[in-house]
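Colleague: Structure file data_33.cif (mmCIF, C-alpha atoms) is given on the next line.
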```cif
data_query
#
loop_
_atom_site.label_atom_id
_atom_site.label_comp_id
_atom_site.auth_asym_id
_atom_site.auth_seq_id
_atom_site.Cartn_x
_atom_site.Cartn_y
_atom_site.Cartn_z
CA MET A 1 -59.05 -41.36 4.41
CA THR A 2 -62.76 -42.16 4.53
CA PRO A 3 -64.07 -42.52 0.98
CA SER A 4 -67.05 -40.49 -0.08
CA ALA A 5 -69.78 -41.31 -2.61
CA ALA A 6 -71.19 -39.05 -5.28
CA SER A 7 -73.70 -39.78 -7.98
CA SER A 8 -73.87 -38.30 -11.42
CA GLY A 9 -76.69 -38.29 -13.88
CA PRO A 10 -80.26 -37.17 -14.11
CA GLY A 11 -81.94 -37.24 -10.73
CA ALA A 12 -78.71 -38.04 -8.81
CA PRO A 13 -78.53 -36.78 -5.20
CA ASP A 14 -76.26 -33.74 -4.45
CA LEU A 15 -73.44 -35.24 -2.39
CA ASP A 16 -70.12 -33.44 -1.65
CA ILE A 17 -66.66 -34.72 -0.74
CA PRO A 18 -65.85 -34.64 2.99
CA ALA A 19 -63.05 -32.41 4.30
CA VAL A 20 -59.49 -33.71 4.25
CA THR A 21 -56.28 -32.72 6.08
CA VAL A 22 -52.83 -32.85 4.50
CA ALA A 23 -49.33 -31.76 5.54
CA PRO A 24 -47.10 -29.89 3.05
CA GLY A 25 -44.53 -32.28 1.66
CA GLY A 26 -46.81 -35.24 2.46
CA THR A 27 -49.63 -37.05 0.66
CA ALA A 28 -53.33 -37.56 1.44
CA THR A 29 -56.01 -39.40 -0.52
CA THR A 30 -59.76 -39.50 -0.65
CA SER A 31 -62.23 -41.03 -3.08
CA LEU A 32 -65.59 -40.45 -4.68
CA THR A 33 -67.99 -42.82 -6.49
CA VAL A 34 -69.47 -41.97 -9.88
CA ARG A 35 -72.75 -43.81 -10.77
CA ASN A 36 -74.56 -43.83 -14.13
CA ASP A 37 -78.32 -43.66 -13.46
CA SER A 38 -79.18 -42.95 -17.09
CA ASP A 39 -80.38 -45.48 -19.64
CA ILE A 40 -77.41 -45.16 -22.00
CA VAL A 41 -73.69 -45.83 -21.77
CA GLU A 42 -72.00 -42.64 -20.47
CA ALA A 43 -68.38 -41.48 -20.17
CA TYR A 44 -67.42 -39.04 -17.39
CA SER A 45 -64.38 -36.70 -17.30
CA LEU A 46 -63.18 -35.65 -13.84
CA GLU A 47 -61.16 -32.43 -13.39
CA VAL A 48 -59.90 -30.77 -10.19
CA VAL A 49 -60.63 -27.03 -9.94
CA GLY A 50 -59.61 -24.42 -7.38
CA ASP A 51 -56.40 -23.57 -5.53
CA CYS A 52 -55.52 -27.21 -5.03
CA ALA A 53 -55.62 -28.10 -8.72
CA SER A 54 -51.81 -27.78 -9.21
CA TRP A 55 -51.00 -30.49 -6.67
CA THR A 56 -54.15 -32.74 -6.78
CA THR A 57 -54.73 -35.55 -9.25
CA VAL A 58 -57.69 -37.81 -10.07
CA GLU A 59 -57.08 -41.49 -10.71
CA PRO A 60 -58.44 -42.35 -13.21
CA PRO A 61 -59.35 -38.98 -14.77
CA ARG A 62 -62.05 -40.54 -17.05
CA VAL A 63 -64.51 -43.41 -16.53
CA SER A 64 -67.11 -45.08 -18.80
CA LEU A 65 -70.19 -46.64 -17.19
CA TYR A 66 -73.07 -48.78 -18.37
CA PRO A 67 -76.51 -47.83 -17.19
CA GLY A 68 -76.98 -48.63 -13.50
CA THR A 69 -73.24 -49.17 -12.79
CA SER A 70 -70.72 -47.12 -10.74
CA GLU A 71 -66.96 -46.70 -10.24
CA THR A 72 -64.83 -45.23 -7.46
CA VAL A 73 -62.04 -42.74 -8.32
CA THR A 74 -59.22 -41.64 -6.04
CA LEU A 75 -58.19 -38.04 -5.31
CA ARG A 76 -54.49 -37.77 -4.44
CA LEU A 77 -53.36 -34.56 -2.68
CA ALA A 78 -49.57 -33.83 -2.55
CA PRO A 79 -48.94 -30.17 -1.63
CA PRO A 80 -45.24 -29.19 -1.85
CA ARG A 81 -43.32 -28.07 1.23
CA SER A 82 -43.15 -24.46 0.12
CA PRO A 83 -44.02 -21.05 1.58
CA GLU A 84 -46.41 -20.63 -1.35
CA VAL A 85 -48.74 -23.27 0.15
CA ARG A 86 -50.13 -21.28 3.08
CA ALA A 87 -51.41 -23.01 6.16
CA GLY A 88 -55.20 -22.99 6.62
CA GLU A 89 -58.32 -24.15 4.80
CA VAL A 90 -58.35 -24.25 1.00
CA PRO A 91 -61.41 -25.12 -1.12
CA LEU A 92 -61.22 -28.12 -3.46
CA GLY A 93 -63.64 -28.84 -6.29
CA VAL A 94 -63.99 -31.76 -8.71
CA ARG A 95 -65.95 -31.14 -11.89
CA VAL A 96 -67.74 -34.22 -13.33
CA LEU A 97 -68.58 -33.70 -17.03
CA PRO A 98 -70.77 -36.35 -18.83
CA ALA A 99 -69.87 -36.83 -22.47
CA GLU A 100 -73.45 -37.51 -23.73
CA HIS A 101 -75.28 -35.11 -21.45
CA PRO A 102 -72.85 -32.14 -20.91
CA GLU A 103 -75.72 -30.09 -19.53
CA SER A 104 -75.72 -32.42 -16.50
CA VAL A 105 -72.22 -31.30 -15.41
CA ARG A 106 -71.71 -31.16 -11.64
CA VAL A 107 -68.99 -29.76 -9.35
CA LEU A 108 -68.42 -31.59 -6.10
CA GLU A 109 -66.74 -29.49 -3.37
CA THR A 110 -64.83 -30.05 -0.17
CA THR A 111 -62.37 -28.25 2.09
CA VAL A 112 -58.70 -29.17 2.41
CA ARG A 113 -57.00 -28.19 5.66
CA ILE A 114 -53.26 -27.59 5.12
CA GLU A 115 -51.18 -28.11 8.22
CA GLU A 116 -48.52 -25.67 9.39
CA PHE A 117 -44.82 -26.24 9.07
CA HIS A 118 -41.97 -24.03 10.30
CA GLU A 119 -38.61 -23.61 8.65
CA LEU A 120 -36.06 -20.80 8.99
CA HIS A 121 -32.99 -20.39 6.85
CA THR A 122 -30.20 -18.16 8.21
CA GLU A 123 -26.84 -17.14 6.77
CA LEU A 124 -24.14 -15.23 8.65
CA SER A 125 -21.50 -13.22 6.83
CA PRO A 126 -18.69 -12.77 7.23
CA ARG A 127 -17.80 -15.58 9.57
CA ARG A 128 -14.57 -13.82 10.67
CA ARG A 129 -14.02 -10.16 11.47
CA ARG A 130 -10.95 -8.22 12.64
CA GLY A 131 -11.01 -5.03 14.68
CA TRP A 132 -9.71 -3.17 17.73
CA LEU A 133 -12.94 -3.17 19.75
CA ARG A 134 -15.92 -4.08 17.56
CA GLY A 135 -16.95 -6.01 14.49
CA ARG A 136 -20.04 -5.89 12.29
CA TYR A 137 -21.78 -8.90 10.75
CA ARG A 138 -24.90 -9.49 8.62
CA LEU A 139 -27.60 -12.11 9.21
CA ALA A 140 -29.80 -13.00 6.23
CA VAL A 141 -32.99 -14.68 7.55
CA ARG A 142 -35.71 -16.21 5.34
CA ASN A 143 -39.02 -17.70 6.46
CA GLN A 144 -39.39 -20.86 4.41
CA GLY A 145 -42.42 -22.05 6.39
CA ASN A 146 -46.07 -21.54 5.45
CA THR A 147 -47.15 -19.39 8.39
CA PRO A 148 -46.04 -15.95 9.70
CA VAL A 149 -43.39 -16.06 12.43
CA GLN A 150 -41.50 -13.68 14.67
CA VAL A 151 -37.77 -14.42 14.78
CA GLY A 152 -35.44 -14.07 17.74
CA PHE A 153 -31.66 -14.46 18.02
CA THR A 154 -29.61 -16.04 20.81
CA PRO A 155 -25.84 -15.41 20.87
CA GLY A 156 -23.51 -17.81 22.63
CA GLN A 157 -19.97 -17.49 23.95
CA ALA A 158 -17.80 -19.47 26.32
CA GLY A 159 -17.10 -16.40 28.49
CA GLU A 160 -18.55 -12.95 28.96
CA GLU A 161 -15.98 -10.90 27.08
CA LEU A 162 -18.26 -10.03 24.15
CA GLY A 163 -21.42 -7.96 23.91
CA PHE A 164 -24.00 -8.52 21.15
CA ALA A 165 -26.59 -6.22 19.59
CA PHE A 166 -29.07 -7.17 16.83
CA SER A 167 -30.90 -4.65 14.63
CA PRO A 168 -33.81 -5.31 14.29
CA ALA A 169 -33.93 -7.54 17.36
CA GLU A 170 -37.15 -9.53 16.61
CA PRO A 171 -38.31 -9.14 12.99
CA LYS A 172 -41.65 -10.57 11.87
CA LEU A 173 -41.65 -12.48 8.60
CA GLU A 174 -44.47 -13.62 6.33
CA PRO A 175 -44.08 -16.94 4.49
CA GLY A 176 -41.34 -16.59 1.89
CA GLU A 177 -40.21 -13.21 3.23
CA SER A 178 -36.54 -12.36 3.92
CA VAL A 179 -34.86 -9.78 6.12
CA GLU A 180 -31.27 -8.68 6.74
CA VAL A 181 -30.33 -8.20 10.38
CA GLY A 182 -27.23 -6.33 11.52
CA LEU A 183 -25.12 -7.86 14.29
CA ARG A 184 -22.59 -5.78 16.22
CA VAL A 185 -20.05 -7.55 18.42
CA ARG A 186 -18.05 -5.49 20.93
CA THR A 187 -15.31 -6.28 23.42
CA GLY A 188 -14.98 -4.71 26.85
CA LYS A 189 -11.34 -3.55 26.72
CA PRO A 190 -8.65 -3.11 24.05
CA VAL A 191 -5.52 -5.17 23.55
CA TRP A 192 -2.59 -2.77 23.58
CA PHE A 193 0.35 -5.00 22.60
CA GLY A 194 1.00 -8.61 21.69
CA ALA A 195 -0.68 -11.13 19.42
CA PRO A 196 -4.30 -10.88 18.19
CA VAL A 197 -6.96 -12.48 20.42
CA VAL A 198 -9.59 -14.75 18.81
CA TRP A 199 -13.09 -14.73 20.37
CA PRO A 200 -15.33 -17.53 18.94
CA PHE A 201 -19.11 -17.24 19.33
CA THR A 202 -22.34 -18.71 17.96
CA VAL A 203 -25.69 -17.30 16.84
CA ASP A 204 -28.89 -19.35 17.08
CA THR A 205 -32.01 -18.30 15.16
CA ALA A 206 -35.43 -19.39 16.42
CA GLU A 207 -39.06 -18.33 16.46
CA SER A 208 -40.05 -16.09 19.35
CA GLY A 209 -42.84 -17.01 21.75
CA ASP A 210 -44.14 -20.22 23.31
CA PRO A 211 -43.51 -23.40 21.27
CA GLU A 212 -47.15 -24.48 21.86
CA GLU A 213 -48.43 -21.18 20.49
CA THR A 214 -46.17 -21.13 17.45
CA GLY A 215 -46.54 -24.85 16.73
CA ARG A 216 -42.79 -25.41 16.41
CA ASP A 217 -41.40 -28.89 16.14
CA ASP A 218 -38.71 -29.01 18.85
CA THR A 219 -37.30 -32.20 17.39
CA ALA A 220 -36.08 -30.31 14.30
CA VAL A 221 -33.05 -28.75 15.96
CA ARG A 222 -30.93 -26.41 13.82
CA ALA A 223 -27.23 -26.15 14.54
CA PRO A 224 -26.19 -22.61 15.58
CA LEU A 225 -24.01 -20.60 13.25
CA ASP A 226 -20.32 -20.40 14.17
CA ALA A 227 -18.30 -17.18 13.84
CA GLU A 228 -15.37 -15.46 15.48
CA PHE A 229 -14.10 -11.98 16.22
CA VAL A 230 -10.34 -11.41 16.00
CA GLN A 231 -9.30 -8.54 18.27
CA ILE A 232 -6.10 -6.99 16.97
CA PRO A 233 -3.73 -5.04 19.24
CA VAL A 234 -3.73 -1.25 19.10
CA PHE A 235 0.06 -1.12 18.64
CA PRO A 236 1.63 -3.74 16.31
CA LYS A 237 4.61 -5.88 17.21
CA TRP A 238 7.04 -4.01 14.99
CA LEU A 239 6.34 -0.77 16.85
CA LEU A 240 7.94 -2.16 20.01
CA ALA A 241 11.05 -3.12 18.05
CA ALA A 242 11.16 0.30 16.42
CA LEU A 243 10.83 2.04 19.81
CA ALA A 244 13.62 -0.13 21.22
CA VAL A 245 15.92 0.76 18.31
CA LEU A 246 15.08 4.45 18.65
CA LEU A 247 15.79 4.37 22.37
CA ALA A 248 19.13 2.66 21.75
CA LEU A 249 20.05 5.33 19.18
CA LEU A 250 19.16 8.12 21.59
CA LEU A 251 21.23 6.54 24.34
CA ALA A 252 24.17 6.13 21.95
CA TRP A 253 23.86 9.78 20.90
CA PHE A 254 23.83 11.18 24.41
CA THR A 255 26.50 8.86 25.78
CA LEU A 256 28.94 8.55 22.84
CA VAL A 257 28.37 10.84 19.87
CA ARG A 258 27.32 14.08 21.54
CA PRO A 259 30.30 14.29 23.97
CA ALA A 260 32.68 13.61 21.07
CA VAL A 261 31.09 16.30 18.91
CA ARG A 262 31.17 18.84 21.71
CA SER A 263 34.84 18.03 22.45
CA ALA A 264 35.81 18.41 18.78
CA ALA A 265 33.94 21.72 18.53
CA LYS A 266 35.64 23.02 21.68
CA GLU A 267 39.09 22.09 20.39
CA ALA A 268 38.39 23.79 17.08
CA ALA A 269 37.28 26.98 18.88
CA ASN A 270 40.37 27.02 21.06
CA GLU A 271 42.60 26.58 18.04
CA ALA A 272 40.87 29.43 16.23
CA VAL A 273 41.45 31.94 19.02
CA GLN A 274 45.13 31.08 19.58
CA PRO A 275 47.65 33.67 18.14
CA ARG A 276 49.50 32.56 15.04
CA PRO A 277 53.32 32.84 14.91
CA THR A 278 54.84 35.57 12.71
CA PRO A 279 56.43 34.18 9.53
CA PRO A 280 60.27 34.59 9.41
CA GLY A 281 60.12 36.91 6.39
CA GLU A 282 58.06 39.48 8.28
CA ARG A 283 60.35 39.76 11.29
CA GLY A 284 61.96 43.17 11.69
CA GLY A 285 58.99 44.99 10.22
CA GLN A 286 59.75 44.12 6.60
CA THR A 287 57.09 42.75 4.31
CA PRO A 288 58.20 40.77 1.26
CA GLY A 289 57.60 42.60 -1.95
CA THR A 290 57.31 46.13 -0.46
CA GLY A 291 59.45 49.15 -1.16
CA SER A 292 59.52 51.17 -4.32
CA GLY A 293 58.81 48.14 -6.39
CA ASN A 294 56.98 48.04 -9.67
CA GLY A 295 53.89 46.29 -8.32
CA SER A 296 54.55 43.04 -10.08
CA GLY A 297 53.88 40.84 -7.05
CA ALA A 298 50.27 39.90 -6.47
CA SER A 299 48.61 37.87 -3.75
CA PRO A 300 46.25 34.94 -4.62
CA GLY A 301 43.22 37.08 -3.92
CA GLY A 302 44.09 39.51 -6.65
CA GLN A 303 45.40 42.14 -4.17
CA GLU A 304 48.76 43.66 -4.66
CA ALA A 305 51.45 41.89 -2.62
CA GLY A 306 52.97 43.78 0.24
CA ALA A 307 49.74 45.09 1.74
CA GLY A 308 50.45 45.97 5.38
CA THR A 309 49.01 47.90 8.23
CA GLY A 310 51.31 50.87 8.28
CA SER A 311 51.49 54.05 6.21
CA GLY A 312 55.07 53.91 5.03
CA THR A 313 55.71 54.63 1.34
CA ASP A 314 59.26 53.38 1.06
CA GLY A 315 58.45 49.76 1.74
CA THR A 316 60.46 49.58 4.96
CA GLY A 317 57.76 49.79 7.52
CA THR A 318 54.82 47.66 8.42
CA GLY A 319 52.59 50.01 6.53
CA GLY A 320 49.56 49.14 4.51
CA GLY A 321 50.29 50.56 1.10
CA ALA A 322 50.23 48.17 -1.84
CA SER A 323 52.35 49.05 -4.81
CA ALA A 324 50.43 50.70 -7.67
CA GLY A 325 53.22 50.18 -10.20
CA ASP A 326 54.21 53.87 -10.56
CA GLY A 327 55.96 54.46 -7.25
CA SER A 328 52.69 55.03 -5.42
CA SER A 329 50.83 52.68 -3.09
CA VAL A 330 47.17 51.73 -2.70
CA GLY A 331 45.78 52.46 0.77
CA GLY A 332 43.39 50.19 2.63
CA GLY A 333 40.04 50.31 0.81
CA GLN A 334 36.43 50.00 1.82
CA GLN A 335 33.40 48.28 0.35
CA SER A 336 31.59 50.42 -2.20
CA SER A 337 28.79 49.99 -4.71
CA THR A 338 27.10 52.08 -7.36
CA THR A 339 23.85 51.71 -9.28
CA ILE A 340 23.31 52.72 -12.90
CA ASP A 341 19.59 53.20 -13.68
CA LEU A 342 18.70 53.50 -17.40
CA GLU A 343 15.31 54.30 -18.91
CA THR A 344 15.36 53.99 -22.70
CA SER A 345 12.63 54.69 -25.23
CA SER A 346 11.66 52.03 -27.75
CA GLY A 347 14.09 51.87 -30.67
CA GLU A 348 16.73 54.01 -28.96
CA THR A 349 20.12 53.35 -27.38
CA LYS A 350 21.13 54.95 -24.12
CA THR A 351 24.35 54.84 -22.06
CA GLY A 352 24.94 55.20 -18.33
CA THR A 353 28.36 55.51 -16.68
CA TYR A 354 30.08 55.54 -13.34
CA LYS A 355 33.49 57.29 -13.13
CA VAL A 356 36.09 56.11 -10.63
CA PRO A 357 37.25 59.08 -8.50
CA GLU A 358 40.78 60.47 -8.78
CA ASP A 359 43.51 58.90 -6.70
CA SER A 360 41.36 55.74 -6.35
CA VAL A 361 41.20 52.20 -7.67
CA PHE A 362 37.86 50.39 -7.88
CA GLY A 363 38.22 46.60 -7.50
CA VAL A 364 34.94 45.13 -8.86
CA THR A 365 33.87 41.80 -7.32
CA ASP A 366 30.10 41.66 -7.97
CA LEU A 367 27.72 42.85 -10.69
CA VAL A 368 23.94 42.41 -10.79
CA ALA A 369 21.76 43.37 -13.80
CA ALA A 370 17.97 43.61 -13.42
CA ASN A 371 15.45 43.51 -16.26
CA PHE A 372 12.33 43.49 -14.12
CA GLN A 373 9.92 44.49 -16.93
CA GLY A 374 11.04 41.72 -19.30
CA ASP A 375 12.20 44.18 -21.98
CA GLU A 376 13.66 43.05 -25.29
CA GLY A 377 16.91 44.41 -26.70
CA LEU A 378 20.64 44.40 -25.84
CA LEU A 379 22.60 45.22 -22.69
CA THR A 380 26.37 45.85 -22.91
CA ILE A 381 28.62 46.29 -19.87
CA ALA A 382 32.23 47.57 -20.10
CA PHE A 383 34.92 48.44 -17.55
CA GLY A 384 36.97 51.18 -19.22
CA ASP A 385 38.06 49.83 -22.59
CA ARG A 386 37.31 46.23 -21.58
CA LYS A 387 33.93 44.91 -22.70
CA ILE A 388 32.68 42.56 -19.98
CA THR A 389 29.49 41.13 -21.57
CA THR A 390 26.67 41.71 -24.03
CA ILE A 391 23.32 40.12 -23.14
CA ALA A 392 19.96 39.88 -24.90
CA LEU A 393 17.42 41.45 -22.53
CA GLU A 394 14.73 38.89 -23.30
CA THR A 395 16.93 36.07 -21.95
CA PHE A 396 16.89 37.17 -18.29
CA ARG A 397 15.09 39.05 -15.57
CA ASN A 398 17.96 39.06 -13.08
CA GLN A 399 21.58 38.27 -13.98
CA ASP A 400 24.56 38.38 -11.59
CA TYR A 401 28.35 37.99 -11.96
CA HIS A 402 30.95 37.41 -9.25
CA TRP A 403 34.75 37.47 -9.39
CA VAL A 404 37.07 35.92 -6.83
CA THR A 405 39.91 38.10 -8.11
CA PRO A 406 38.63 41.70 -8.33
CA ILE A 407 38.67 43.44 -11.71
CA LYS A 408 40.51 46.74 -11.05
CA ILE A 409 39.33 49.93 -12.70
CA PRO A 410 41.85 52.78 -12.36
CA ALA A 411 41.08 56.37 -11.45
CA ASN A 412 39.07 58.47 -13.95
CA ASP A 413 38.08 55.32 -15.84
CA THR A 414 34.39 54.38 -16.14
CA VAL A 415 31.90 51.56 -15.70
CA THR A 416 29.72 51.86 -18.82
CA VAL A 417 26.23 50.34 -19.31
CA GLU A 418 24.67 50.62 -22.78
CA VAL A 419 21.02 49.61 -23.42
CA THR A 420 19.41 49.26 -26.85
CA CYS A 421 15.61 49.04 -26.39
CA ALA A 422 13.89 46.89 -29.03
CA LYS A 423 10.57 46.36 -27.27
CA PRO A 424 9.42 47.40 -23.77
CA GLY A 425 8.18 44.59 -21.57
CA THR A 426 5.20 44.20 -19.26
CA PRO A 427 5.78 44.89 -15.52
CA ALA A 428 3.76 43.45 -12.60
CA THR A 429 0.94 45.96 -13.23
CA GLY A 430 -0.08 43.97 -16.32
CA ARG A 431 0.14 46.94 -18.72
CA GLN A 432 2.96 47.23 -21.27
CA ALA A 433 5.57 49.84 -20.32
CA GLN A 434 6.26 52.93 -22.47
CA GLY A 435 10.01 52.28 -22.51
CA CYS A 436 12.73 49.93 -21.37
CA HIS A 437 14.04 50.16 -17.80
CA GLU A 438 17.22 48.38 -16.63
CA VAL A 439 19.18 48.67 -13.40
CA VAL A 440 22.84 47.59 -12.99
CA ASN A 441 24.52 47.45 -9.59
CA VAL A 442 28.34 47.22 -9.36
CA SER A 443 29.99 46.37 -6.03
CA GLY A 444 33.60 46.04 -4.88
CA VAL A 445 36.43 47.69 -2.91
CA LEU A 446 37.27 51.36 -3.51
CA SER A 447 40.89 52.04 -2.46
CA ARG A 448 42.76 55.31 -2.24
CA ILE A 449 46.12 55.72 -4.03
CA LYS A 450 48.85 57.36 -1.92
CA ARG A 451 51.82 58.93 -3.68
#
```
Would you put the structure from the file into structure tokens?

Modeller:
Amino acid sequence: MTPSAASSGPGAPDLDIPAVTVAPGGTATTSLTVRNDSDIVEAYSLEVVGDCASWTTVEPPRVSLYPGTSETVTLRLAPPRSPEVRAGEVPLGVRVLPAEHPESVRVLETTVRIEEFHELHTELSPRRRRGWLRGRYRLAVRNQGNTPVQVGFTPGQAGEELGFAFSPAEPKLEPGESVEVGLRVRTGKPVWFGAPVVWPFTVDTAESGDPEETGRDDTAVRAPLDAEFVQIPVFPKWLLAALAVLLALLLAWFTLVRPAVRSAAKEAANEAVQPRPTPPGERGGQTPGTGSGNGSGASPGGQEAGAGTGSGTDGTGTGGGASAGDGSSVGGGQQSSTTIDLETSSGETKTGTYKVPEDSVFGVTDLVAANFQGDEGLLTIAFGDRKITTIALETFRNQDYHWVTPIKIPANDTVTVEVTCAKPGTPATGRQAQGCHEVVNVSGVLSRIKR
């Protein structure tokens, strides 16, 4: 740099430091001369003031001069390569302070021109995406230069299978400013079956516009960012195997299993409709156990043995009378049921009965008791002199009993239901009932006795 001269002291001329140019990250020097025109020995302190003070030094920072002598000091400028040091002109001042005559302080000024530099830092994440048709990425871009720039992006791919979209497409960044850019990568057609397809691509970040206008250094080439999009198939591999197994099972069903099932069902139906041979004991119209017997023989179902289809009473025909034990026979019965409905006041006991008609036998097979209000108390059920059960009302809402062998109630005997109401329950209306209400249904076969 061309040195400059400056005088200090009474009557010294007003000379400034000439302008200087420096590049961030580099170093520039200039000099100034301090002369003592006074008649005493003087010491001078030199201090840099202004925006350049943090990265400018004076060597040496203090000089002592005899009268009529001078000394040259060096100014060393070393601005850092940082976005904080903006490109352009920055004022620089050097204050010269005499120790003996502080009132003669002077500030010498100049202008420092800071050159431009361009630097972009870009990060791409994630570097690998998986998807059927598209993948999304993020670009973090920071302007680490010292001048505003407009950024553009250039994708690269070996083929033309991928489409790229940036948002925003060309952001403008001030020095030190960052921006996040969204990148969407899309394929033209899906992959239905098979292995995943890997599509590698690159993204290059650069300043938009003419290199001469932006002042870019084309020799500083940045390597593009590498990434890849993995296109996965719509249907996975195991689905093909599962479909093949399912198809094989369907074919096996229609060709092997279904015909065998239909054949077995047809044989079973034919066997069911074929007439059964008459047992040897029933030949000649006689049925074992019939006649004027005492009714001691019983079939496994609880029916009297000797039940037939005829009406004979002497046991010699094919008749349908079962022995009743007293020389009479029980005719073919029919299904019958009766319902006993009891409404009982709180604290009382009430009884309901059903009387078997004369010349009849009631074979009970089913009994259902309903406590739909949720009353509290006792329920007792008896068939004639035989007590069947006693139940606490609060333990059930619906209770049913079934007998494989019917319980026979003779003629003029009764089915008795006794209810003791301790506390009425609450029906579906939500209000407590005034009394207990139970319903008992008895079902079975009612048969006529023929004498």

Colleague: For the structure provided, state which residues fall under the PyMOL selection byres ((chain A and resi 182) around 8), and present them as a ChimeraX atom specification.

Modeller: /A:136-139,166-168,180-181,183-184

Colleague: Select, counting only C-alpha atoms, all protein, DNA and RNA residues no farther than 12 Å from (-56.6, -20.8, 8.0) in file coordinates, and express the selection as a ChimeraX atom specification.

Modeller: /A:85-91,111-116,146-148

Colleague: In Å, with one decimal, what is the gap from atom CA of Arg62 of chain A to atom CA of Thr74 of chain A?

Modeller: 11.4 Å

Colleague: Given the PyMOL selection byres ((chain A and resi 190-205) around 6) and the file above, list the residues it selects as a list in words.

Modeller: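 Taken on the displayed file, the PyMOL selection byres ((chain A and resi 190-205) around 6) yields the residues Phe153, Thr154, Pro155, Gly156, Gln157, Lys189, Ala206, Pro224, Leu225, Asp226, Ala227, Glu228, Phe229, Val230, Gln231, Ile232, Pro233, Val234 and Phe235 of chain A.
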
Colleague: Please produce a file of the residues just selected, as a tab-separated table (two decimals), in the frame of the given file, where the atoms kept are C-alpha atoms.

Modeller:
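Output file selection_29.tsv is given in full below:
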```tsv
chain	number	residue	atom	x	y	z
A	153	PHE	CA	-31.66	-14.46	18.02
A	154	THR	CA	-29.61	-16.04	20.81
A	155	PRO	CA	-25.84	-15.41	20.87
A	156	GLY	CA	-23.51	-17.81	22.63
A	157	GLN	CA	-19.97	-17.49	23.95
A	189	LYS	CA	-11.34	-3.55	26.72
A	206	ALA	CA	-35.43	-19.39	16.42
A	224	PRO	CA	-26.19	-22.61	15.58
A	225	LEU	CA	-24.01	-20.60	13.25
A	226	ASP	CA	-20.32	-20.40	14.17
A	227	ALA	CA	-18.30	-17.18	13.84
A	228	GLU	CA	-15.37	-15.46	15.48
A	229	PHE	CA	-14.10	-11.98	16.22
A	230	VAL	CA	-10.34	-11.41	16.00
A	231	GLN	CA	-9.30	-8.54	18.27
A	232	ILE	CA	-6.10	-6.99	16.97
A	233	PRO	CA	-3.73	-5.04	19.24
A	234	VAL	CA	-3.73	-1.25	19.10
A	235	PHE	CA	0.06	-1.12	18.64
```

Colleague: Which value, in Å to one decimal, gives the distance between atom CA of Val364 of chain A and atom CA of Phe383 of chain A?

Modeller: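 Atom-to-atom, atom CA of Val364 of chain A to atom CA of Phe383 of chain A, that is 9.3 Å.
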
Colleague: Could you pull the residues within 6 Å of segment 337-341 of chain A, counting all atoms listed in the file, minus those fewer than 6 positions along the same chain, as a list in words?

Modeller: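 Listed by chain and then number, they are Val439, Val440, Asn441, Val442 and Ser443 of chain A.
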
Colleague: Residues as selected, C-alpha atoms, written as a JSON list (two decimals), in the coordinates of the input, can you do that?

Modeller:
```json
[["chain", "number", "residue", "atom", "x", "y", "z"],
["A", 439, "VAL", "CA", 19.18, 48.67, -13.40],
["A", 440, "VAL", "CA", 22.84, 47.59, -12.99],
["A", 441, "ASN", "CA", 24.52, 47.45, -9.59],
["A", 442, "VAL", "CA", 28.34, 47.22, -9.36],
["A", 443, "SER", "CA", 29.99, 46.37, -6.03]]
```

Colleague: Could you jot down the atom CA of Leu65 of chain A to atom CA of Val105 of chain A separation for me, Å, one decimal place?

Modeller: 15.6 Å

Colleague: So, with all atoms listed in the file as the atoms that count, which of A:Ala165, A:Ala370, A:Leu97, A:Leu378 lies closest to Val185 of chain A?

Modeller: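 With all atoms listed in the file as the atom set, the closest residue is A:Ala165.
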
Colleague: Segment 347-363 of chain A: which residues within 8 Å, counting only C-alpha atoms, same-chain residues fewer than 6 positions away excluded, as a short mmCIF file (atom, residue, chain, number, x, y, z; two decimals) with C-alpha atoms, in the frame of the given file?

Modeller:
```cif
data_model
loop_
_atom_site.label_atom_id
_atom_site.label_comp_id
_atom_site.auth_asym_id
_atom_site.auth_seq_id
_atom_site.Cartn_x
_atom_site.Cartn_y
_atom_site.Cartn_z
CA VAL A 330 47.17 51.73 -2.70
CA THR A 338 27.10 52.08 -7.36
CA ILE A 340 23.31 52.72 -12.90
CA ASP A 341 19.59 53.20 -13.68
CA PRO A 406 38.63 41.70 -8.33
CA ILE A 407 38.67 43.44 -11.71
CA LYS A 408 40.51 46.74 -11.05
CA ILE A 409 39.33 49.93 -12.70
CA PRO A 410 41.85 52.78 -12.36
CA ALA A 411 41.08 56.37 -11.45
CA ASN A 412 39.07 58.47 -13.95
CA ASP A 413 38.08 55.32 -15.84
CA THR A 414 34.39 54.38 -16.14
CA VAL A 415 31.90 51.56 -15.70
CA THR A 416 29.72 51.86 -18.82
CA VAL A 417 26.23 50.34 -19.31
CA GLU A 418 24.67 50.62 -22.78
CA VAL A 419 21.02 49.61 -23.42
CA THR A 420 19.41 49.26 -26.85
CA CYS A 421 15.61 49.04 -26.39
CA ALA A 422 13.89 46.89 -29.03
CA LYS A 423 10.57 46.36 -27.27
CA GLY A 444 33.60 46.04 -4.88
CA VAL A 445 36.43 47.69 -2.91
CA LEU A 446 37.27 51.36 -3.51
CA SER A 447 40.89 52.04 -2.46
CA ARG A 448 42.76 55.31 -2.24
CA ILE A 449 46.12 55.72 -4.03
CA LYS A 450 48.85 57.36 -1.92
#
```

Colleague: Can you list, as an NGL selection string, the residues that the PyMOL selection byres ((chain A and resi 82) around 9) selects here?

Modeller: :A and (24-25 or 79-81 or 83-86 or 144-146 or 175-176)
